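For reference, final-v1.pdb (PDB, C-alpha atoms):
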MODEL        1
ATOM      1  CA  MET L   1      11.026 154.005 204.333  1.00  0.00           C
ATOM      2  CA  SER L   2      13.408 151.466 202.827  1.00  0.00           C
ATOM      3  CA  SER L   3      13.919 148.036 204.286  1.00  0.00           C
ATOM      4  CA  LEU L   4      17.113 146.122 204.921  1.00  0.00           C
ATOM      5  CA  MET L   5      16.411 144.111 201.767  1.00  0.00           C
ATOM      6  CA  ASP L   6      16.548 147.303 199.667  1.00  0.00           C
ATOM      7  CA  THR L   7      20.113 148.059 200.792  1.00  0.00           C
ATOM      8  CA  ASN L   8      23.425 146.496 199.782  1.00  0.00           C
ATOM      9  CA  ALA L   9      23.653 144.706 203.136  1.00  0.00           C
ATOM     10  CA  PHE L  10      23.489 141.268 201.520  1.00  0.00           C
ATOM     11  CA  ASP L  11      25.903 141.868 198.624  1.00  0.00           C
ATOM     12  CA  TYR L  12      28.755 139.937 200.224  1.00  0.00           C
ATOM     13  CA  VAL L  13      26.409 137.215 201.449  1.00  0.00           C
ATOM     14  CA  ASN L  14      25.119 136.737 197.894  1.00  0.00           C
ATOM     15  CA  VAL L  15      28.652 136.390 196.499  1.00  0.00           C
ATOM     16  CA  LEU L  16      29.634 134.008 199.295  1.00  0.00           C
ATOM     17  CA  ASP L  17      26.475 131.997 198.617  1.00  0.00           C
ATOM     18  CA  LYS L  18      27.456 131.628 194.954  1.00  0.00           C
ATOM     19  CA  ALA L  19      30.962 130.577 196.012  1.00  0.00           C
ATOM     20  CA  MET L  20      29.516 127.967 198.384  1.00  0.00           C
ATOM     21  CA  ASP L  21      27.332 126.629 195.569  1.00  0.00           C
ATOM     22  CA  ALA L  22      30.420 126.358 193.370  1.00  0.00           C
ATOM     23  CA  SER L  23      32.311 124.567 196.126  1.00  0.00           C
ATOM     24  CA  ALA L  24      29.441 122.098 196.569  1.00  0.00           C
ATOM     25  CA  LEU L  25      29.402 121.492 192.808  1.00  0.00           C
ATOM     26  CA  ARG L  26      33.178 120.974 192.859  1.00  0.00           C
ATOM     27  CA  HIS L  27      32.757 118.429 195.677  1.00  0.00           C
ATOM     28  CA  GLU L  28      30.276 116.547 193.499  1.00  0.00           C
ATOM     29  CA  ALA L  29      32.668 116.649 190.533  1.00  0.00           C
ATOM     30  CA  ILE L  30      35.558 115.329 192.626  1.00  0.00           C
ATOM     31  CA  SER L  31      33.320 112.587 194.012  1.00  0.00           C
ATOM     32  CA  ASN L  32      32.397 111.605 190.454  1.00  0.00           C
ATOM     33  CA  ASN L  33      36.065 111.558 189.536  1.00  0.00           C
ATOM     34  CA  LEU L  34      36.911 109.249 192.414  1.00  0.00           C
ATOM     35  CA  SER L  35      33.932 107.025 191.631  1.00  0.00           C
ATOM     36  CA  ASN L  36      35.101 106.660 188.034  1.00  0.00           C
ATOM     37  CA  VAL L  37      38.797 106.120 188.682  1.00  0.00           C
ATOM     38  CA  ASP L  38      38.568 102.681 187.028  1.00  0.00           C
ATOM     39  CA  THR L  39      36.255 103.663 184.166  1.00  0.00           C
ATOM     40  CA  PRO L  40      38.066 103.416 180.818  1.00  0.00           C
ATOM     41  CA  GLY L  41      38.096 106.704 178.892  1.00  0.00           C
ATOM     42  CA  TYR L  42      36.670 108.740 181.764  1.00  0.00           C
ATOM     43  CA  LYS L  43      37.910 112.331 181.879  1.00  0.00           C
ATOM     44  CA  ARG L  44      38.030 114.149 185.181  1.00  0.00           C
ATOM     45  CA  GLN L  45      35.531 116.903 185.899  1.00  0.00           C
ATOM     46  CA  ASP L  46      36.130 120.202 187.623  1.00  0.00           C
ATOM     47  CA  VAL L  47      34.352 123.486 188.261  1.00  0.00           C
ATOM     48  CA  ASN L  48      35.432 126.949 187.186  1.00  0.00           C
ATOM     49  CA  PHE L  49      34.191 129.638 189.553  1.00  0.00           C
ATOM     50  CA  GLU L  50      37.240 131.584 190.603  1.00  0.00           C
ATOM     51  CA  THR L  51      37.895 132.783 187.042  1.00  0.00           C
ATOM     52  CA  GLN L  52      34.261 133.883 186.691  1.00  0.00           C
ATOM     53  CA  LEU L  53      34.518 135.891 189.926  1.00  0.00           C
ATOM     54  CA  ALA L  54      37.822 137.491 188.911  1.00  0.00           C
ATOM     55  CA  LYS L  55      36.379 138.520 185.526  1.00  0.00           C
ATOM     56  CA  ALA L  56      33.278 139.973 187.149  1.00  0.00           C
ATOM     57  CA  LEU L  57      35.338 141.985 189.643  1.00  0.00           C
ATOM     58  CA  ARG L  58      37.611 143.351 186.895  1.00  0.00           C
ATOM     59  CA  HIS L  59      34.655 145.153 185.281  1.00  0.00           C
ATOM     60  CA  SER L  60      34.825 147.788 188.031  1.00  0.00           C
ATOM     61  CA  ARG L  61      38.568 148.198 188.083  1.00  0.00           C
ATOM     62  CA  TYR L  62      39.151 151.429 190.014  1.00  0.00           C
ATOM     63  CA  LYS L  63      36.442 151.075 192.636  1.00  0.00           C
ATOM     64  CA  SER L  64      36.569 149.939 196.236  1.00  0.00           C
ATOM     65  CA  MET L  65      35.831 146.289 196.965  1.00  0.00           C
ATOM     66  CA  ASP L  66      32.439 147.264 198.413  1.00  0.00           C
ATOM     67  CA  ALA L  67      31.560 149.075 195.179  1.00  0.00           C
ATOM     68  CA  LYS L  68      32.843 146.167 193.069  1.00  0.00           C
ATOM     69  CA  VAL L  69      30.722 143.665 194.986  1.00  0.00           C
ATOM     70  CA  ALA L  70      27.688 145.952 194.814  1.00  0.00           C
ATOM     71  CA  ASP L  71      28.097 146.204 191.007  1.00  0.00           C
ATOM     72  CA  LEU L  72      28.414 142.446 190.417  1.00  0.00           C
ATOM     73  CA  LYS L  73      25.915 140.797 188.127  1.00  0.00           C
ATOM     74  CA  MET L  74      25.012 137.576 189.955  1.00  0.00           C
ATOM     75  CA  ARG L  75      24.130 135.778 186.728  1.00  0.00           C
ATOM     76  CA  ARG L  76      27.787 136.153 185.662  1.00  0.00           C
ATOM     77  CA  LEU L  77      28.843 134.201 188.730  1.00  0.00           C
ATOM     78  CA  ASP L  78      27.357 130.867 187.785  1.00  0.00           C
ATOM     79  CA  PRO L  79      29.963 128.131 188.216  1.00  0.00           C
ATOM     80  CA  ILE L  80      30.901 126.267 185.049  1.00  0.00           C
ATOM     81  CA  GLN L  81      31.418 122.524 185.235  1.00  0.00           C
ATOM     82  CA  TYR L  82      33.754 121.098 182.600  1.00  0.00           C
ATOM     83  CA  ARG L  83      35.622 117.941 181.598  1.00  0.00           C
ATOM     84  CA  ASP L  84      39.399 118.064 181.624  1.00  0.00           C
ATOM     85  CA  TYR L  85      40.260 116.693 178.191  1.00  0.00           C
ATOM     86  CA  ALA L  86      43.643 118.407 178.165  1.00  0.00           C
ATOM     87  CA  GLY L  87      44.849 116.563 181.259  1.00  0.00           C
ATOM     88  CA  PHE L  88      47.293 113.746 181.081  1.00  0.00           C
ATOM     89  CA  SER L  89      46.030 110.196 180.859  1.00  0.00           C
ATOM     90  CA  TYR L  90      47.477 108.058 183.591  1.00  0.00           C
ATOM     91  CA  ARG L  91      46.541 104.840 181.910  1.00  0.00           C
ATOM     92  CA  ILE L  92      46.477 103.348 178.455  1.00  0.00           C
ATOM     93  CA  ASP L  93      42.666 103.345 178.476  1.00  0.00           C
ATOM     94  CA  GLY L  94      42.542 107.174 178.449  1.00  0.00           C
ATOM     95  CA  ASN L  95      41.320 107.729 182.014  1.00  0.00           C
ATOM     96  CA  ASN L  96      42.984 110.852 183.452  1.00  0.00           C
ATOM     97  CA  VAL L  97      41.895 110.586 187.113  1.00  0.00           C
ATOM     98  CA  ASP L  98      44.693 110.335 189.669  1.00  0.00           C
ATOM     99  CA  PRO L  99      43.144 109.323 193.028  1.00  0.00           C
ATOM    100  CA  ASP L 100      45.941 110.954 195.039  1.00  0.00           C
ATOM    101  CA  THR L 101      45.534 114.275 193.256  1.00  0.00           C
ATOM    102  CA  GLU L 102      41.752 114.126 193.605  1.00  0.00           C
ATOM    103  CA  GLY L 103      42.188 113.527 197.345  1.00  0.00           C
ATOM    104  CA  VAL L 104      44.257 116.709 197.582  1.00  0.00           C
ATOM    105  CA  TYR L 105      41.623 118.631 195.603  1.00  0.00           C
ATOM    106  CA  LEU L 106      38.927 117.254 197.901  1.00  0.00           C
ATOM    107  CA  ALA L 107      40.793 118.339 201.047  1.00  0.00           C
ATOM    108  CA  LYS L 108      41.411 121.800 199.577  1.00  0.00           C
ATOM    109  CA  ASN L 109      37.770 122.153 198.596  1.00  0.00           C
ATOM    110  CA  GLN L 110      36.623 121.172 202.092  1.00  0.00           C
ATOM    111  CA  ILE L 111      38.860 123.856 203.616  1.00  0.00           C
ATOM    112  CA  VAL L 112      37.539 126.432 201.136  1.00  0.00           C
ATOM    113  CA  TYR L 113      33.934 125.490 201.933  1.00  0.00           C
ATOM    114  CA  GLN L 114      34.560 125.777 205.680  1.00  0.00           C
ATOM    115  CA  GLY L 115      36.126 129.208 205.159  1.00  0.00           C
ATOM    116  CA  LEU L 116      33.165 130.349 203.082  1.00  0.00           C
ATOM    117  CA  TYR L 117      30.752 129.068 205.713  1.00  0.00           C
ATOM    118  CA  GLN L 118      32.607 130.970 208.427  1.00  0.00           C
ATOM    119  CA  SER L 119      32.573 134.109 206.284  1.00  0.00           C
ATOM    120  CA  VAL L 120      28.803 133.893 205.756  1.00  0.00           C
ATOM    121  CA  SER L 121      28.323 133.351 209.498  1.00  0.00           C
ATOM    122  CA  GLN L 122      30.456 136.413 210.230  1.00  0.00           C
ATOM    123  CA  GLU L 123      28.478 138.524 207.764  1.00  0.00           C
ATOM    124  CA  PHE L 124      25.240 137.610 209.546  1.00  0.00           C
ATOM    125  CA  LYS L 125      26.834 138.368 212.934  1.00  0.00           C
ATOM    126  CA  ASN L 126      27.817 141.770 211.579  1.00  0.00           C
ATOM    127  CA  LEU L 127      24.254 142.375 210.389  1.00  0.00           C
ATOM    128  CA  GLN L 128      22.924 141.341 213.798  1.00  0.00           C
ATOM    129  CA  THR L 129      25.280 143.779 215.502  1.00  0.00           C
ATOM    130  CA  VAL L 130      24.168 146.616 213.232  1.00  0.00           C
ATOM    131  CA  MET L 131      20.487 145.860 213.874  1.00  0.00           C
ATOM    132  CA  LYS L 132      20.906 145.998 217.643  1.00  0.00           C
TER     133      LYS L 132
ENDMDL
END
Written form, structure tokens:
Amino acid sequence: MSSLMDTNAFDYVNVLDKAMDASALRHEAISNNLSNVDTPGYKRQDVNFETQLAKALRHSRYKSMDAKVADLKMRRLDPIQYRDYAGFSYRIDGNNVDPDTEGVYLAKNQIVYQGLYQSVSQEFKNLQTVMK
């Protein structure tokens, strides 16, 4: 007899968990950016997760979303933190952090995180309903 853990019931939860981790890492990067707004030569940091997810989903091009998520390799979904060297420098000292822009990124990231949290909660509610 197979258990719930042997099924694909947690596929979406696993992807959402990775996305929440990426959002938390992005929050940390934005916080670092804001903390270093006056540091000469500092280059802003960001996190690339969305591109990783899109690439991973493209590997199963003609399948349903359920099948695509089931086929995902979780190790391919690790968020990548990087420094934005290509960005414009707002000051002569080479710092490229704009506090207003970072504030917008922070607000966007908070909304994304809240949406991910609600999605995970809904997935567990769905699992509870099925188990009843």
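Selection check: the PyMOL selection byres ((chain L and resi 124) around 12) on the shown file gives Ala9, Phe10, Asp11, Tyr12, Val13, Asn14, Leu16, Tyr117, Gln118, Ser119, Val120, Ser121, Gln122, Glu123, Lys125, Asn126, Leu127, Gln128, Thr129, Val130 and Met131 of chain L.
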Using C-alpha atoms, can you write the selected residues to a file as a short mmCIF file (atom, residue, chain, number, x, y, z; two decimals), in the coordinates of the input?
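Produced file result_15.cif, reproduced below:
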data_model
loop_
_atom_site.label_atom_id
_atom_site.label_comp_id
_atom_site.auth_asym_id
_atom_site.auth_seq_id
_atom_site.Cartn_x
_atom_site.Cartn_y
_atom_site.Cartn_z
CA ALA L 9 23.65 144.71 203.14
CA PHE L 10 23.49 141.27 201.52
CA ASP L 11 25.90 141.87 198.62
CA TYR L 12 28.76 139.94 200.22
CA VAL L 13 26.41 137.22 201.45
CA ASN L 14 25.12 136.74 197.89
CA LEU L 16 29.63 134.01 199.30
CA TYR L 117 30.75 129.07 205.71
CA GLN L 118 32.61 130.97 208.43
CA SER L 119 32.57 134.11 206.28
CA VAL L 120 28.80 133.89 205.76
CA SER L 121 28.32 133.35 209.50
CA GLN L 122 30.46 136.41 210.23
CA GLU L 123 28.48 138.52 207.76
CA LYS L 125 26.83 138.37 212.93
CA ASN L 126 27.82 141.77 211.58
CA LEU L 127 24.25 142.38 210.39
CA GLN L 128 22.92 141.34 213.80
CA THR L 129 25.28 143.78 215.50
CA VAL L 130 24.17 146.62 213.23
CA MET L 131 20.49 145.86 213.87
#
Check the smallest atom-to-atom distance from each of L:Arg75, L:Lys68, L:Arg83, L:Lys63 to Asn96 (chain L) using only C-alpha atoms, then report the winner. L:Arg83
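Counting only C-alpha atoms, the residue from L:Ile111, L:Val37, L:Leu72, L:Val104 that sits nearest to Ala24 (chain L) is L:Ile111.
Closest approach to Gln114 (chain L) from the set L:Ser23, L:Ile80, L:Val15, L:Ser89 is made by L:Ser23, with distances taken over only C-alpha atoms.
Reported to one decimal place, the separation of CA of Phe49 (chain L) from CA of Ala19 (chain L) is 7.3 Å.
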Quick one: residues within 10 Å of Tyr85 (chain L), only C-alpha atoms counted, chain neighbours fewer than 3 positions away excluded, as a PyMOL selection string? chain L and resi 42-45+82+88-89+94-96
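Using only C-alpha atoms, the nearest neighbour of Asp100 (chain L) within the list L:Ala29, L:Ala86, L:Leu34, L:Met20 is L:Leu34.
With all atoms listed in the file as the basis for measurement, L:Asn48 is the residue among L:Asn48, L:Thr101, L:Thr39, L:Ser60 that approaches Leu25 (chain L) most closely.
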One decimal place gives the CA of Val97 (chain L)-CA of Asp84 (chain L) separation as 9.6 Å
Residue neighbourhood Arg76 (chain L), 8 Å, all atoms listed in the file, exclusion window fewer than 6 positions, as a PDB file with C-alpha atoms, in the coordinates of the input:
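Writing done, so here's part.pdb:
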ATOM      1  CA  GLN L  52      34.261 133.883 186.691  1.00  0.00           C
ATOM      2  CA  LEU L  53      34.518 135.891 189.926  1.00  0.00           C
ATOM      3  CA  ALA L  56      33.278 139.973 187.149  1.00  0.00           C
TER       4      ALA L  56
END
Could you expand the PyMOL selection byres ((chain L and resi 28) around 12) into the explicit residues it covers here, written as a PyMOL selection string? chain L and resi 21-27+29-35+44-47+81+102+105-106+109-110
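Between Val112 (chain L) and the residues L:Lys73, L:Glu50, L:Asp38, L:Ile92, the shortest atom-to-atom distance, using all atoms listed in the file, involves L:Glu50.
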Using Å and a single decimal, report how far CA of Leu77 (chain L) sits from CA of Asp17 (chain L). 10.4 Å
Region 98-116 of chain L rebuilt with N, CA and C atoms, output as a CSV table (one decimal), keeping the file's coordinate frame:
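Listed below is the output, part.csv:
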chain,number,residue,atom,x,y,z
L,98,ASP,N,43.7,110.8,188.7
L,98,ASP,CA,44.7,110.3,189.7
L,98,ASP,C,44.1,110.4,191.1
L,99,PRO,N,43.8,109.3,191.7
L,99,PRO,CA,43.1,109.3,193.0
L,99,PRO,C,43.9,110.2,194.1
L,100,ASP,N,45.2,110.2,194.1
L,100,ASP,CA,45.9,111.0,195.0
L,100,ASP,C,45.7,112.4,194.8
L,101,THR,N,45.8,112.9,193.6
L,101,THR,CA,45.5,114.3,193.3
L,101,THR,C,44.1,114.7,193.6
L,102,GLU,N,43.2,113.8,193.3
L,102,GLU,CA,41.8,114.1,193.6
L,102,GLU,C,41.6,114.2,195.1
L,103,GLY,N,42.3,113.4,195.9
L,103,GLY,CA,42.2,113.5,197.3
L,103,GLY,C,42.7,114.9,197.8
L,104,VAL,N,43.7,115.4,197.2
L,104,VAL,CA,44.3,116.7,197.6
L,104,VAL,C,43.2,117.8,197.2
L,105,TYR,N,42.7,117.7,196.0
L,105,TYR,CA,41.6,118.6,195.6
L,105,TYR,C,40.4,118.6,196.5
L,106,LEU,N,40.1,117.4,197.0
L,106,LEU,CA,38.9,117.3,197.9
L,106,LEU,C,39.2,117.9,199.2
L,107,ALA,N,40.4,117.7,199.8
L,107,ALA,CA,40.8,118.3,201.0
L,107,ALA,C,40.8,119.9,200.9
L,108,LYS,N,41.4,120.4,199.8
L,108,LYS,CA,41.4,121.8,199.6
L,108,LYS,C,40.0,122.4,199.5
L,109,ASN,N,39.1,121.7,198.8
L,109,ASN,CA,37.8,122.2,198.6
L,109,ASN,C,37.0,122.2,199.9
L,110,GLN,N,37.3,121.2,200.8
L,110,GLN,CA,36.6,121.2,202.1
L,110,GLN,C,37.1,122.4,202.9
L,111,ILE,N,38.4,122.7,202.9
L,111,ILE,CA,38.9,123.9,203.6
L,111,ILE,C,38.2,125.1,203.1
L,112,VAL,N,38.2,125.3,201.8
L,112,VAL,CA,37.5,126.4,201.1
L,112,VAL,C,36.1,126.6,201.6
L,113,TYR,N,35.3,125.5,201.5
L,113,TYR,CA,33.9,125.5,201.9
L,113,TYR,C,33.8,125.9,203.4
L,114,GLN,N,34.6,125.4,204.3
L,114,GLN,CA,34.6,125.8,205.7
L,114,GLN,C,34.8,127.3,205.9
L,115,GLY,N,35.8,127.8,205.1
L,115,GLY,CA,36.1,129.2,205.2
L,115,GLY,C,35.0,130.1,204.7
L,116,LEU,N,34.3,129.6,203.6
L,116,LEU,CA,33.2,130.3,203.1
L,116,LEU,C,32.0,130.3,204.1
